[in-house]
Structure formats: structure tokens, C-alpha cells
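Enquirer: Sharing a structure with you now.
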Amino acid sequence: MKSKPMSDAPAKPINDRTGKDKETLVSIVKEMTESMTGAQSTRHWADDALWFDIPPFASRGVQPALKFFDRVFGSFQSCKVDILETDVVVNGNMGLVCTIQRVNVVLKTGDAKRLVVRETDCFERRNGEWKLIHQHASVPSGGDWDGKVTTA
């Protein structure tokens, strides 16, 4: 499924004339949505990454997040994430990827959960590699949301 842009951000990000950085960041985010272990989820994280997740949990550094992911993913029978919308901006050594995701989880208990999630992933190029330095995931409060972004 091709992602739809969420804003009027430039089609080719600033300082990314070939679009390669944008493609790299989108592929990293996609890889993270397909992961089912802490090691996979944090593979592109900086050692000092700051993370705010949907459950009441926040961490600085890879180790607390890695343990949290392993515990949570261990309770899943399956997890499928569809990226509904993507917005990417790259400026020099900084990159920002904002996504709206539909998450379908089946727990080992058989219970199923469906969420529409907003996620912002902030990256910095360090020693030639893109590293996630901050991730913030949230669900809208006050009821169901269809994932649509209102524009002017």
C-alpha cells in the first residue's frame, strides 16, 4: 500500500536531493513495525534514545525499552501493523517520520485489540548511520478515531 502524505511537506526533503535519506528512514520505520522482539525493535536506536509509548511507560536508553518490548511482545499471538499515512522531513543530519498506523493485536489469551496510533520518530545521522533519538507513540483520547488528518 502506498502511503499518502499528511501535509504539504516538500516532495523531496531539504538537503536530500535524491530522496535516499527519506527512503532509508521510511524503511527503518517499516522494519520497526514488523518487529516482534526488543532487539529487532531497537536495532536502529541510539544508546541515549528517549521513548514515550502508548502504555504508561517512558524510558531513556535502549535497555529499558528492549526489556519492555520483549515482555509485551511475549504476550502477543500475533501483531499486524499497517501504515496508513506517512510524512517525512529530512534536513541535513536530522530526520522526522510521522505515521498513522492501524495496529491489530491478538493476545495469547485470544483477546483481540485494534488501535489507530500516531507515532513520531526522530532520527539523527551519527557516524554516517541514521539512529532513532526519540519516539513518541500515542492514541487519541476520547474514543475511536478513523486516522484521517484534517487539512485546511
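Residues in the C-alpha cells are named by chain (A, B, ... in the order shown) and by number from 1 within that chain; ligands are numbered from 1 in the order shown.
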Pick out the residues sitting within 9 Å of region 99-105 of chain A, and hand them over as JSON, numbers by chain; count only C-alpha atoms, and ignore anything fewer than 6 positions along from it in its own chain.
Expert: {"A": [6, 29, 76, 77, 78, 79, 80, 81, 82, 83, 84, 85, 86, 87, 88, 111, 112, 113, 114, 115, 116, 117, 118, 119, 120, 121, 147, 148]}
Enquirer: Mind checking which residues fall within 12 Å of region 20-22 of chain A, counting only C-alpha atoms, ignoring those fewer than 6 positions away in the same chain, and posting them as a list of chain:residue names?
Expert: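 Near region 20-22 of chain A, the qualifying residues are A:Pro10, A:Ala11, A:Lys12, A:Pro13, A:Ile14, A:Ile28, A:Val29, A:Thr86, A:Asp87, A:Val88, A:Val89, A:Val90, A:Asn91, A:Gly92, A:Asn93, A:Met94, A:Gly95, A:Leu96, A:Val97, A:Cys98, A:Phe123, A:Glu124, A:Arg125, A:Gly128, A:Glu129, A:Trp130.
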Enquirer: Please produce a file of the residues just selected, as a PDB file, in the first residue's frame, where the atoms kept are N, CA and C atoms.
Expert:
```
ATOM      1  N   PRO A  10       7.668  19.276   1.502  1.00  0.00           N
ATOM      2  CA  PRO A  10       8.287  19.141   0.182  1.00  0.00           C
ATOM      3  C   PRO A  10       8.378  17.679  -0.239  1.00  0.00           C
ATOM      4  N   ALA A  11       8.107  17.409  -1.522  1.00  0.00           N
ATOM      5  CA  ALA A  11       8.204  16.043  -2.027  1.00  0.00           C
ATOM      6  C   ALA A  11       9.620  15.508  -1.876  1.00  0.00           C
ATOM      7  N   LYS A  12      10.604  16.377  -2.095  1.00  0.00           N
ATOM      8  CA  LYS A  12      11.997  15.999  -1.869  1.00  0.00           C
ATOM      9  C   LYS A  12      12.489  16.812  -0.684  1.00  0.00           C
ATOM     10  N   PRO A  13      12.786  16.138   0.423  1.00  0.00           N
ATOM     11  CA  PRO A  13      13.187  16.876   1.626  1.00  0.00           C
ATOM     12  C   PRO A  13      14.425  17.737   1.395  1.00  0.00           C
ATOM     13  N   ILE A  14      14.552  18.768   2.208  1.00  0.00           N
ATOM     14  CA  ILE A  14      15.691  19.680   2.158  1.00  0.00           C
ATOM     15  C   ILE A  14      16.981  18.877   2.329  1.00  0.00           C
ATOM     16  N   ILE A  28      13.323   2.090   7.764  1.00  0.00           N
ATOM     17  CA  ILE A  28      13.619   1.803   9.174  1.00  0.00           C
ATOM     18  C   ILE A  28      12.320   1.751   9.975  1.00  0.00           C
ATOM     19  N   VAL A  29      11.438   2.716   9.757  1.00  0.00           N
ATOM     20  CA  VAL A  29      10.166   2.736  10.477  1.00  0.00           C
ATOM     21  C   VAL A  29       9.349   1.498  10.134  1.00  0.00           C
ATOM     22  N   THR A  86       2.050   8.601   5.996  1.00  0.00           N
ATOM     23  CA  THR A  86       3.450   8.880   6.339  1.00  0.00           C
ATOM     24  C   THR A  86       3.802  10.288   5.898  1.00  0.00           C
ATOM     25  N   ASP A  87       4.523  10.987   6.767  1.00  0.00           N
ATOM     26  CA  ASP A  87       5.039  12.310   6.443  1.00  0.00           C
ATOM     27  C   ASP A  87       6.505  12.313   6.867  1.00  0.00           C
ATOM     28  N   VAL A  88       7.403  12.687   5.970  1.00  0.00           N
ATOM     29  CA  VAL A  88       8.836  12.628   6.243  1.00  0.00           C
ATOM     30  C   VAL A  88       9.482  13.964   5.893  1.00  0.00           C
ATOM     31  N   VAL A  89      10.341  14.437   6.778  1.00  0.00           N
ATOM     32  CA  VAL A  89      11.133  15.626   6.517  1.00  0.00           C
ATOM     33  C   VAL A  89      12.570  15.313   6.901  1.00  0.00           C
ATOM     34  N   VAL A  90      13.504  15.631   6.013  1.00  0.00           N
ATOM     35  CA  VAL A  90      14.928  15.472   6.288  1.00  0.00           C
ATOM     36  C   VAL A  90      15.586  16.824   6.085  1.00  0.00           C
ATOM     37  N   ASN A  91      16.423  17.205   7.040  1.00  0.00           N
ATOM     38  CA  ASN A  91      17.178  18.447   6.925  1.00  0.00           C
ATOM     39  C   ASN A  91      18.569  18.167   7.469  1.00  0.00           C
ATOM     40  N   GLY A  92      19.510  18.001   6.560  1.00  0.00           N
ATOM     41  CA  GLY A  92      20.875  17.699   6.973  1.00  0.00           C
ATOM     42  C   GLY A  92      20.962  16.359   7.683  1.00  0.00           C
ATOM     43  N   ASN A  93      21.433  16.382   8.933  1.00  0.00           N
ATOM     44  CA  ASN A  93      21.605  15.148   9.710  1.00  0.00           C
ATOM     45  C   ASN A  93      20.428  14.838  10.610  1.00  0.00           C
ATOM     46  N   MET A  94      19.308  15.536  10.413  1.00  0.00           N
ATOM     47  CA  MET A  94      18.111  15.295  11.214  1.00  0.00           C
ATOM     48  C   MET A  94      16.982  14.831  10.309  1.00  0.00           C
ATOM     49  N   GLY A  95      16.204  13.868  10.792  1.00  0.00           N
ATOM     50  CA  GLY A  95      15.065  13.362  10.037  1.00  0.00           C
ATOM     51  C   GLY A  95      13.892  13.117  10.958  1.00  0.00           C
ATOM     52  N   LEU A  96      12.701  13.334  10.450  1.00  0.00           N
ATOM     53  CA  LEU A  96      11.475  13.183  11.213  1.00  0.00           C
ATOM     54  C   LEU A  96      10.492  12.370  10.388  1.00  0.00           C
ATOM     55  N   VAL A  97       9.955  11.308  10.976  1.00  0.00           N
ATOM     56  CA  VAL A  97       8.954  10.490  10.296  1.00  0.00           C
ATOM     57  C   VAL A  97       7.718  10.444  11.191  1.00  0.00           C
ATOM     58  N   CYS A  98       6.605  10.936  10.667  1.00  0.00           N
ATOM     59  CA  CYS A  98       5.332  10.883  11.385  1.00  0.00           C
ATOM     60  C   CYS A  98       4.431   9.907  10.646  1.00  0.00           C
ATOM     61  N   PHE A 123      15.083  11.089  14.076  1.00  0.00           N
ATOM     62  CA  PHE A 123      16.357  10.461  13.778  1.00  0.00           C
ATOM     63  C   PHE A 123      17.468  11.495  13.663  1.00  0.00           C
ATOM     64  N   GLU A 124      18.671  11.061  13.987  1.00  0.00           N
ATOM     65  CA  GLU A 124      19.869  11.859  13.771  1.00  0.00           C
ATOM     66  C   GLU A 124      20.893  10.968  13.076  1.00  0.00           C
ATOM     67  N   ARG A 125      21.551  11.522  12.068  1.00  0.00           N
ATOM     68  CA  ARG A 125      22.613  10.766  11.404  1.00  0.00           C
ATOM     69  C   ARG A 125      23.860  10.876  12.281  1.00  0.00           C
ATOM     70  N   GLY A 128      27.479   8.495  10.051  1.00  0.00           N
ATOM     71  CA  GLY A 128      27.010   8.001   8.762  1.00  0.00           C
ATOM     72  C   GLY A 128      25.787   7.103   8.820  1.00  0.00           C
ATOM     73  N   GLU A 129      25.249   6.810  10.013  1.00  0.00           N
ATOM     74  CA  GLU A 129      24.079   5.940  10.150  1.00  0.00           C
ATOM     75  C   GLU A 129      22.933   6.700  10.801  1.00  0.00           C
ATOM     76  N   TRP A 130      21.710   6.440  10.322  1.00  0.00           N
ATOM     77  CA  TRP A 130      20.537   7.040  10.939  1.00  0.00           C
ATOM     78  C   TRP A 130      20.224   6.299  12.224  1.00  0.00           C
TER      79      TRP A 130
END
```
Enquirer: When you look at Phe73 (chain A) with a cut-off of 8 Å (counting only C-alpha atoms), what residues show up, excluding the ones that are within fewer than 4 positions of it in the same chain? I need them as a PyMOL selection string.
Expert: chain A and resi 36-37+69
Enquirer: Could you tell me how far CA of Ala65 (chain A) lies from CA of Trp51 (chain A), in Å and to one decimal?
Expert: 7.7 Å
Enquirer: Mind the document's chain letters and residue numbers, and return as a ChimeraX atom specification the residues of region 5-111 of chain A that DSSP labels strand (DSSP E or B).
Expert: /A:45-52,58-60,76-91,94-107
Enquirer: Put those residues in a file: N, CA and C atoms, as a short mmCIF file (atom, residue, chain, number, x, y, z; two decimals), in the first residue's frame.
Expert:
```cif
data_model
loop_
_atom_site.label_atom_id
_atom_site.label_comp_id
_atom_site.auth_asym_id
_atom_site.auth_seq_id
_atom_site.Cartn_x
_atom_site.Cartn_y
_atom_site.Cartn_z
N TRP A 45 18.17 2.20 17.16
CA TRP A 45 18.07 3.21 18.21
C TRP A 45 19.46 3.68 18.65
N ALA A 46 19.55 4.96 18.97
CA ALA A 46 20.76 5.49 19.61
C ALA A 46 20.77 5.00 21.06
N ASP A 47 21.95 4.87 21.62
CA ASP A 47 22.07 4.40 23.01
C ASP A 47 21.32 5.29 23.99
N ASP A 48 21.16 6.57 23.65
CA ASP A 48 20.50 7.51 24.55
C ASP A 48 19.09 7.88 24.09
N ALA A 49 18.45 7.01 23.31
CA ALA A 49 17.12 7.30 22.78
C ALA A 49 16.11 7.53 23.90
N LEU A 50 15.20 8.47 23.67
CA LEU A 50 14.11 8.76 24.60
C LEU A 50 12.83 8.26 23.97
N TRP A 51 12.03 7.54 24.77
CA TRP A 51 10.86 6.86 24.22
C TRP A 51 9.65 7.07 25.11
N PHE A 52 8.52 7.47 24.50
CA PHE A 52 7.23 7.55 25.17
C PHE A 52 6.29 6.62 24.43
N ALA A 58 7.79 5.21 29.83
CA ALA A 58 8.76 6.06 29.13
C ALA A 58 10.14 5.58 29.55
N SER A 59 11.11 5.72 28.66
CA SER A 59 12.46 5.29 29.00
C SER A 59 13.49 6.13 28.27
N ARG A 60 14.68 6.15 28.83
CA ARG A 60 15.83 6.74 28.15
C ARG A 60 16.86 5.62 28.04
N PHE A 76 1.88 -11.52 22.93
CA PHE A 76 1.17 -11.48 21.65
C PHE A 76 1.19 -12.86 20.97
N GLN A 77 0.04 -13.22 20.42
CA GLN A 77 0.00 -14.35 19.50
C GLN A 77 0.36 -13.84 18.11
N SER A 78 -0.15 -12.65 17.79
CA SER A 78 0.18 -12.03 16.51
C SER A 78 0.02 -10.52 16.64
N CYS A 79 0.69 -9.81 15.73
CA CYS A 79 0.59 -8.36 15.68
C CYS A 79 0.81 -7.92 14.24
N LYS A 80 -0.15 -7.19 13.70
CA LYS A 80 -0.04 -6.68 12.34
C LYS A 80 -0.22 -5.17 12.39
N VAL A 81 0.74 -4.47 11.80
CA VAL A 81 0.70 -3.01 11.76
C VAL A 81 0.63 -2.56 10.30
N ASP A 82 -0.37 -1.76 9.99
CA ASP A 82 -0.49 -1.15 8.66
C ASP A 82 -0.21 0.33 8.80
N ILE A 83 0.71 0.85 8.00
CA ILE A 83 0.98 2.27 8.00
C ILE A 83 0.00 2.93 7.04
N LEU A 84 -0.88 3.77 7.60
CA LEU A 84 -1.93 4.39 6.81
C LEU A 84 -1.47 5.67 6.14
N GLU A 85 -0.66 6.46 6.85
CA GLU A 85 -0.16 7.72 6.32
C GLU A 85 1.26 7.93 6.82
N THR A 86 2.05 8.60 6.00
CA THR A 86 3.45 8.88 6.34
C THR A 86 3.80 10.29 5.90
N ASP A 87 4.52 10.99 6.77
CA ASP A 87 5.04 12.31 6.44
C ASP A 87 6.51 12.31 6.87
N VAL A 88 7.40 12.69 5.97
CA VAL A 88 8.84 12.63 6.24
C VAL A 88 9.48 13.96 5.89
N VAL A 89 10.34 14.44 6.78
CA VAL A 89 11.13 15.63 6.52
C VAL A 89 12.57 15.31 6.90
N VAL A 90 13.50 15.63 6.01
CA VAL A 90 14.93 15.47 6.29
C VAL A 90 15.59 16.82 6.08
N ASN A 91 16.42 17.20 7.04
CA ASN A 91 17.18 18.45 6.92
C ASN A 91 18.57 18.17 7.47
N MET A 94 19.31 15.54 10.41
CA MET A 94 18.11 15.30 11.21
C MET A 94 16.98 14.83 10.31
N GLY A 95 16.20 13.87 10.79
CA GLY A 95 15.06 13.36 10.04
C GLY A 95 13.89 13.12 10.96
N LEU A 96 12.70 13.33 10.45
CA LEU A 96 11.47 13.18 11.21
C LEU A 96 10.49 12.37 10.39
N VAL A 97 9.96 11.31 10.98
CA VAL A 97 8.95 10.49 10.30
C VAL A 97 7.72 10.44 11.19
N CYS A 98 6.60 10.94 10.67
CA CYS A 98 5.33 10.88 11.38
C CYS A 98 4.43 9.91 10.65
N THR A 99 3.86 8.96 11.38
CA THR A 99 2.98 7.97 10.75
C THR A 99 1.69 7.86 11.53
N ILE A 100 0.68 7.42 10.81
CA ILE A 100 -0.57 6.97 11.42
C ILE A 100 -0.64 5.49 11.09
N GLN A 101 -0.83 4.68 12.14
CA GLN A 101 -0.76 3.23 11.99
C GLN A 101 -2.03 2.58 12.53
N ARG A 102 -2.46 1.54 11.83
CA ARG A 102 -3.55 0.69 12.35
C ARG A 102 -2.88 -0.57 12.90
N VAL A 103 -3.09 -0.83 14.18
CA VAL A 103 -2.45 -1.96 14.86
C VAL A 103 -3.51 -2.97 15.24
N ASN A 104 -3.32 -4.20 14.80
CA ASN A 104 -4.22 -5.31 15.16
C ASN A 104 -3.40 -6.35 15.91
N VAL A 105 -3.77 -6.57 17.16
CA VAL A 105 -3.03 -7.49 18.03
C VAL A 105 -3.98 -8.60 18.48
N VAL A 106 -3.47 -9.84 18.47
CA VAL A 106 -4.17 -10.95 19.11
C VAL A 106 -3.25 -11.42 20.23
N LEU A 107 -3.78 -11.36 21.45
CA LEU A 107 -3.02 -11.80 22.61
C LEU A 107 -3.04 -13.31 22.72
#
```
Enquirer: Identify which of the residues A:Pro56, A:Ser75, A:Pro140, A:Lys67 lies closest to Gln40 (chain A), counting only C-alpha atoms when measuring atom-to-atom distances.
Expert: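 For Gln40 (chain A), the nearest of the given residues is A:Lys67.
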Enquirer: Just to confirm, what's the straight-line distance from CA of Gly38 (chain A) to CA of Val26 (chain A) in Å (one decimal)?
Expert: 19.4 Å
Enquirer: Given only C-alpha atoms as the basis, pick out the residue of A:Ile54, A:Val62, A:Leu25, A:Cys122 nearest to Ala137 (chain A).
Expert: A:Ile54
Enquirer: Hey, can you check how far CA of Lys30 (chain A) sits from CA of Thr42 (chain A)?
Expert: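 Computing the Euclidean distance for CA of Lys30 (chain A) and CA of Thr42 (chain A) yields 12.7 Å.
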Enquirer: Determine which residues of region 3-152 of chain A receive a DSSP assignment of helix (DSSP H, G or I), computed from the backbone, and state them as a PyMOL selection string.
Expert: chain A and resi 20-33+38-41+62-73
